[in-house]
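Data first, discussion second: the structure below is written as structure tokens.
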Amino acid sequence: KRKLNKINDLFLLFLRLFALTFLILAFSKPYKTSYNFIDYNKKIKLIIDNSMSMSSQIENLNKLEIAKNLAYDYVKSNTENTELIVGNTSLGNFANQEILFDQISSIDFDDFSFSLEEIKNLNDTSKFNYVIITDLQFNATSLSNFDSEEKVTIMPITDNNKSNIFIDSCWVKNYDYNSNFFEIFVKVSNGGNFEIDNFSAFLFSNNKQITQSIFNLKPKEDTIITMKFPAEKFNSKLYLLINDESYQFDNKLFFSVDNVEKSKVLQITNKKSNFKHLSNSTFEFIDFTFQNTYNSLENIFGFDAVIINEFFDLEKKSIEILSQYVKNGGNLFISLNKKFNNETLLSQFDIHTKNWSNKSLNVNKINYEHPVNKGIFEEEINNNMQIFNSSGYYKLSSKSNYNEILSLENSDPFLLSNNYFDGNIFVMTSPFEHNTFKNSPLFAPIFFNILNMNNISEKLYEYIKKEYYIINEKNKLIAESISNGNNEVKLKSKKEFGKLIIIPTDKLTKHDNYLIKYNDNTTQNLSLNYSRDESKINSISVNDLNKFIVDNKMKNIRVLDTGNKNQIKFKNEDKEYWKFCLILTLLFFLFE
């Protein structure tokens, strides 16, 4: 019993000692400092990627909305000394949580390419913390721009989508004079790793479908499809559409003809009938001017092309003007006359004539590689082809230098060209009265390309990320505003390099067909589209990004698991133990 009492006394002694010890510890408030990856003595730059690739959906939310939610989680525990950067633009420093929430909620998509090089200013020697929320559409090597003393936290928003079909571009090349239809070429691209079969593209005019095309696409490849539509639809609100479930911003392409300059063509002739198919059609791209004198040519420098149809003998001064015109970049077309071939002018361009031939021959050879024939033919035809015929032509000397466009069946040139400094000369060795060229279906498209050599109509739209837009000058009027029917933005305008440049006073953010309003209430179309810079999926995977960080020993860079809420707290609080010590004190007193 005495031994048990001693043990009991000893046990009470330890209980009282432990109780007193933990009571003292409770009042001393012990704590443990937690490890924080981020150095909170330095400013934090919170970066949200709002590029167009963030528009794709993950479980009924687009990536930008998910990025905003992650940013909210960060702000709840970190509001001091934070700079908010959206895309590549800083919105300023914020310490108030509510204001920061409002700034984040107002973020919308912007048409730019997300770039870590833009974010990290190499000229700034200051050290920061970076919290980057992005879908990883960047080059991993750009991480090497961050200093080892800077902490970089990357929060990836990724999905398993590796396919994106998008409309890359469109352009108009041909006009069918017989049916009064335009032909538009559309480049559609497959930016993913899957083959696509029986895919459709649609052409809309004023929100009504007018035609469609069905095609197949191999992985990482492009295809060019052709669509035809009536000429009277050309000045309406036109756009192309595909239905792809990946990125949505590149499923539409708006276009119009109003921002394409017409080629100004001077025709020097007494016979307008030879070009009536060009001048009297509903052709949108050529503005013809007629002149019946050959020896008053001082005004030709304002024209994109000059046609000399009836080639009479020219004065020396006229030859000098024509030579200088081509040298400065003009296009000169000459139809040789049976009586006057004017060797003096042609020799200026290294073309030399010989004798006239009355031999009747077919024109049946085409140089498919010549730029004039580009886009006219779907495939090469090499057998039994008779395009039209000629009953007489000028033979050329072997010392002539030229590129054939169309040739006779004996291989002599019928239509040829030659470069001269910045311009081009085109020569038809047979006059119109000695051939049936103008009755051929090739006549209109070939001359369309000749007369538009310096002004081909490929520019049917602009990209919205530009700060200014070049439009045709319209009767020297002042462009006052631009509108898509919902929003109207005032314009500033100025002349540069002979072009009218318009500058919106507020940023345009939506792709659409816009109307430019002039000070006399007239309007002009301008189509704006999102750029296709991020249409091809080039995002790095999380595994590859982590491997890159480990291989390059970047201990200052980490990639968070956005599904783990514990990681997204960012800032770990210090652990305090006084409550735990007080509870143990009470327990020991209770045992005592």
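Numbering starts fresh at 1 for the residues of each chain in the structure tokens, the chains themselves are lettered A, B, ... in the order given, and ligands are numbered from 1 as they appear.
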For A:Asp250: contacts at 6 Å, only C-alpha atoms, fewer than 2 positions along chain excluded, given as a ChimeraX atom specification
/A:166,248,252
What would the file look like if the residues just selected were written as a short mmCIF file (atom, residue, chain, number, x, y, z; two decimals), in the first residue's frame with all heavy atoms?
```cif
data_model
loop_
_atom_site.label_atom_id
_atom_site.label_comp_id
_atom_site.auth_asym_id
_atom_site.auth_seq_id
_atom_site.Cartn_x
_atom_site.Cartn_y
_atom_site.Cartn_z
N PHE A 166 -11.32 25.99 -88.22
CA PHE A 166 -11.55 27.43 -88.28
C PHE A 166 -11.46 27.95 -89.71
O PHE A 166 -10.78 27.37 -90.55
CB PHE A 166 -10.58 28.19 -87.37
CG PHE A 166 -9.13 28.05 -87.72
CD1 PHE A 166 -8.49 29.00 -88.50
CD2 PHE A 166 -8.39 26.97 -87.27
CE1 PHE A 166 -7.15 28.88 -88.82
CE2 PHE A 166 -7.05 26.84 -87.57
CZ PHE A 166 -6.43 27.80 -88.36
N GLN A 248 -14.88 29.23 -80.44
CA GLN A 248 -16.04 29.80 -81.11
C GLN A 248 -15.70 31.07 -81.90
O GLN A 248 -16.41 31.42 -82.84
CB GLN A 248 -17.11 30.14 -80.07
CG GLN A 248 -17.56 28.95 -79.23
CD GLN A 248 -18.26 27.89 -80.04
OE1 GLN A 248 -19.20 28.17 -80.77
NE2 GLN A 248 -17.81 26.65 -79.91
N LYS A 252 -16.76 32.31 -87.56
CA LYS A 252 -17.35 33.28 -88.49
C LYS A 252 -16.24 34.11 -89.12
O LYS A 252 -15.23 34.41 -88.49
CB LYS A 252 -18.33 34.21 -87.77
CG LYS A 252 -19.76 33.71 -87.67
CD LYS A 252 -20.67 34.79 -87.09
CE LYS A 252 -22.11 34.33 -87.05
NZ LYS A 252 -23.01 35.40 -86.54
#
```
Give me the residues within 9 Å of stretch 291-302 of chain A as a PyMOL selection string, counting only C-alpha atoms and dropping any in the same chain fewer than 3 places off.
chain A and resi 264+266-270+305-306+308+311-315+317-318+321-322+325+328+330
Using only N, CA, C and O atoms, please write the residues we just selected to a file, as an mmCIF file, in the first residue's frame.
```cif
data_model
loop_
_atom_site.group_PDB
_atom_site.id
_atom_site.type_symbol
_atom_site.label_atom_id
_atom_site.label_comp_id
_atom_site.auth_asym_id
_atom_site.auth_seq_id
_atom_site.Cartn_x
_atom_site.Cartn_y
_atom_site.Cartn_z
ATOM 1 N N LYS A 264 -8.318 51.570 -111.563
ATOM 2 C CA LYS A 264 -8.611 52.636 -112.516
ATOM 3 C C LYS A 264 -7.899 52.311 -113.822
ATOM 4 O O LYS A 264 -6.673 52.200 -113.850
ATOM 5 N N LEU A 266 -7.432 53.103 -117.960
ATOM 6 C CA LEU A 266 -7.594 54.017 -119.096
ATOM 7 C C LEU A 266 -7.534 53.207 -120.379
ATOM 8 O O LEU A 266 -6.572 52.486 -120.628
ATOM 9 N N GLN A 267 -8.587 53.308 -121.196
ATOM 10 C CA GLN A 267 -8.615 52.611 -122.483
ATOM 11 C C GLN A 267 -8.485 53.645 -123.602
ATOM 12 O O GLN A 267 -9.351 54.502 -123.763
ATOM 13 N N ILE A 268 -7.391 53.544 -124.346
ATOM 14 C CA ILE A 268 -7.150 54.476 -125.455
ATOM 15 C C ILE A 268 -7.572 53.778 -126.743
ATOM 16 O O ILE A 268 -6.862 52.899 -127.251
ATOM 17 N N THR A 269 -8.738 54.123 -127.244
ATOM 18 C CA THR A 269 -9.287 53.421 -128.412
ATOM 19 C C THR A 269 -10.482 54.176 -128.971
ATOM 20 O O THR A 269 -11.085 55.005 -128.286
ATOM 21 N N ASN A 270 -10.826 53.858 -130.223
ATOM 22 C CA ASN A 270 -12.069 54.329 -130.820
ATOM 23 C C ASN A 270 -13.109 53.220 -130.856
ATOM 24 O O ASN A 270 -14.234 53.429 -131.302
ATOM 25 N N ALA A 305 -3.898 50.719 -114.850
ATOM 26 C CA ALA A 305 -3.608 50.016 -116.106
ATOM 27 C C ALA A 305 -4.024 50.897 -117.277
ATOM 28 O O ALA A 305 -4.963 51.702 -117.163
ATOM 29 N N VAL A 306 -3.324 50.725 -118.391
ATOM 30 C CA VAL A 306 -3.620 51.464 -119.620
ATOM 31 C C VAL A 306 -3.745 50.447 -120.750
ATOM 32 O O VAL A 306 -2.888 49.569 -120.909
ATOM 33 N N ILE A 308 -4.009 50.050 -124.836
ATOM 34 C CA ILE A 308 -3.903 50.636 -126.167
ATOM 35 C C ILE A 308 -4.464 49.606 -127.116
ATOM 36 O O ILE A 308 -3.815 48.598 -127.430
ATOM 37 N N PHE A 311 -3.405 50.228 -132.169
ATOM 38 C CA PHE A 311 -2.022 50.635 -131.978
ATOM 39 C C PHE A 311 -1.501 51.388 -133.209
ATOM 40 O O PHE A 311 -0.984 50.802 -134.146
ATOM 41 N N PHE A 312 -1.668 52.723 -133.216
ATOM 42 C CA PHE A 312 -1.155 53.537 -134.299
ATOM 43 C C PHE A 312 0.250 54.030 -133.974
ATOM 44 O O PHE A 312 0.765 53.811 -132.881
ATOM 45 N N ASP A 313 0.837 54.693 -134.919
ATOM 46 C CA ASP A 313 2.196 55.211 -134.734
ATOM 47 C C ASP A 313 2.183 56.299 -133.661
ATOM 48 O O ASP A 313 1.338 57.198 -133.676
ATOM 49 N N LEU A 314 3.132 56.222 -132.716
ATOM 50 C CA LEU A 314 3.169 57.147 -131.590
ATOM 51 C C LEU A 314 4.323 58.125 -131.713
ATOM 52 O O LEU A 314 5.380 57.793 -132.258
ATOM 53 N N GLU A 315 4.122 59.308 -131.165
ATOM 54 C CA GLU A 315 5.192 60.294 -131.127
ATOM 55 C C GLU A 315 6.238 59.888 -130.096
ATOM 56 O O GLU A 315 5.988 59.093 -129.193
ATOM 57 N N LYS A 317 7.525 61.604 -127.679
ATOM 58 C CA LYS A 317 7.168 62.013 -126.328
ATOM 59 C C LYS A 317 6.195 61.023 -125.690
ATOM 60 O O LYS A 317 6.309 60.680 -124.506
ATOM 61 N N SER A 318 5.229 60.513 -126.500
ATOM 62 C CA SER A 318 4.256 59.553 -125.981
ATOM 63 C C SER A 318 4.941 58.247 -125.592
ATOM 64 O O SER A 318 4.609 57.622 -124.587
ATOM 65 N N ILE A 321 6.617 58.729 -122.282
ATOM 66 C CA ILE A 321 5.654 58.745 -121.171
ATOM 67 C C ILE A 321 5.196 57.322 -120.845
ATOM 68 O O ILE A 321 5.123 56.935 -119.672
ATOM 69 N N LEU A 322 4.906 56.533 -121.883
ATOM 70 C CA LEU A 322 4.461 55.148 -121.657
ATOM 71 C C LEU A 322 5.562 54.325 -120.996
ATOM 72 O O LEU A 322 5.305 53.512 -120.106
ATOM 73 N N TYR A 325 5.761 55.335 -117.413
ATOM 74 C CA TYR A 325 4.566 54.843 -116.710
ATOM 75 C C TYR A 325 4.761 53.392 -116.249
ATOM 76 O O TYR A 325 4.497 53.040 -115.096
ATOM 77 N N ASN A 328 7.376 53.019 -113.506
ATOM 78 C CA ASN A 328 6.897 53.428 -112.178
ATOM 79 C C ASN A 328 5.916 52.442 -111.562
ATOM 80 O O ASN A 328 5.396 52.690 -110.475
ATOM 81 N N GLY A 330 3.227 50.801 -113.520
ATOM 82 C CA GLY A 330 1.963 50.680 -114.231
ATOM 83 C C GLY A 330 1.877 49.401 -115.045
ATOM 84 O O GLY A 330 2.885 48.733 -115.310
#
```
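The nearest approach to A:Trp356 among the residues A:Tyr74, A:His434, A:Phe254, A:Phe288, with only C-alpha atoms taken into account, belongs to A:His434.
Take the candidates A:Glu150, A:Glu409, A:Glu83, A:Glu65 and check each one against A:Lys359 using only C-alpha atoms; the shortest distance goes to A:Glu409.
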Mind dumping a table of every stretch 120-194 of chain A residue within 12 Å of stretch 535-546 of chain A, with the nearest atom pair and its distance in Å to one decimal, using only C-alpha atoms, sorted by chain and rising number, as a tab-separated table?
```
residue	atom	partner	partner_atom	distance
A:Thr134	CA	A:Ser539	CA	10.0
A:Asp135	CA	A:Ser539	CA	7.0
A:Leu136	CA	A:Ser539	CA	5.0
A:Gln137	CA	A:Ser539	CA	4.1
A:Phe138	CA	A:Ser539	CA	6.4
A:Asn139	CA	A:Ile540	CA	7.6
A:Ala140	CA	A:Leu545	CA	6.7
A:Thr141	CA	A:Leu545	CA	9.8
A:Ser142	CA	A:Leu545	CA	11.6
A:Leu143	CA	A:Leu545	CA	10.1
A:Thr153	CA	A:Asn546	CA	11.9
A:Ile154	CA	A:Leu545	CA	10.0
A:Met155	CA	A:Val542	CA	9.8
A:Pro156	CA	A:Val542	CA	7.3
A:Ile157	CA	A:Val542	CA	9.4
A:Thr158	CA	A:Ser541	CA	8.0
A:Asp159	CA	A:Ser541	CA	9.5
A:Asn160	CA	A:Ser541	CA	9.6
A:Asn161	CA	A:Ile537	CA	8.9
A:Lys162	CA	A:Ile537	CA	6.7
A:Ser163	CA	A:Ile537	CA	7.2
A:Asn164	CA	A:Lys536	CA	6.9
A:Ile165	CA	A:Ser535	CA	8.1
A:Phe166	CA	A:Ser535	CA	6.8
A:Ile167	CA	A:Ser535	CA	9.2
A:Asp168	CA	A:Ser535	CA	8.6
A:Val188	CA	A:Ser535	CA	11.3
A:Ser189	CA	A:Lys536	CA	8.6
A:Asn190	CA	A:Lys536	CA	7.8
A:Gly191	CA	A:Lys536	CA	4.4
A:Gly192	CA	A:Ile537	CA	6.6
A:Asn193	CA	A:Ile537	CA	9.5
```
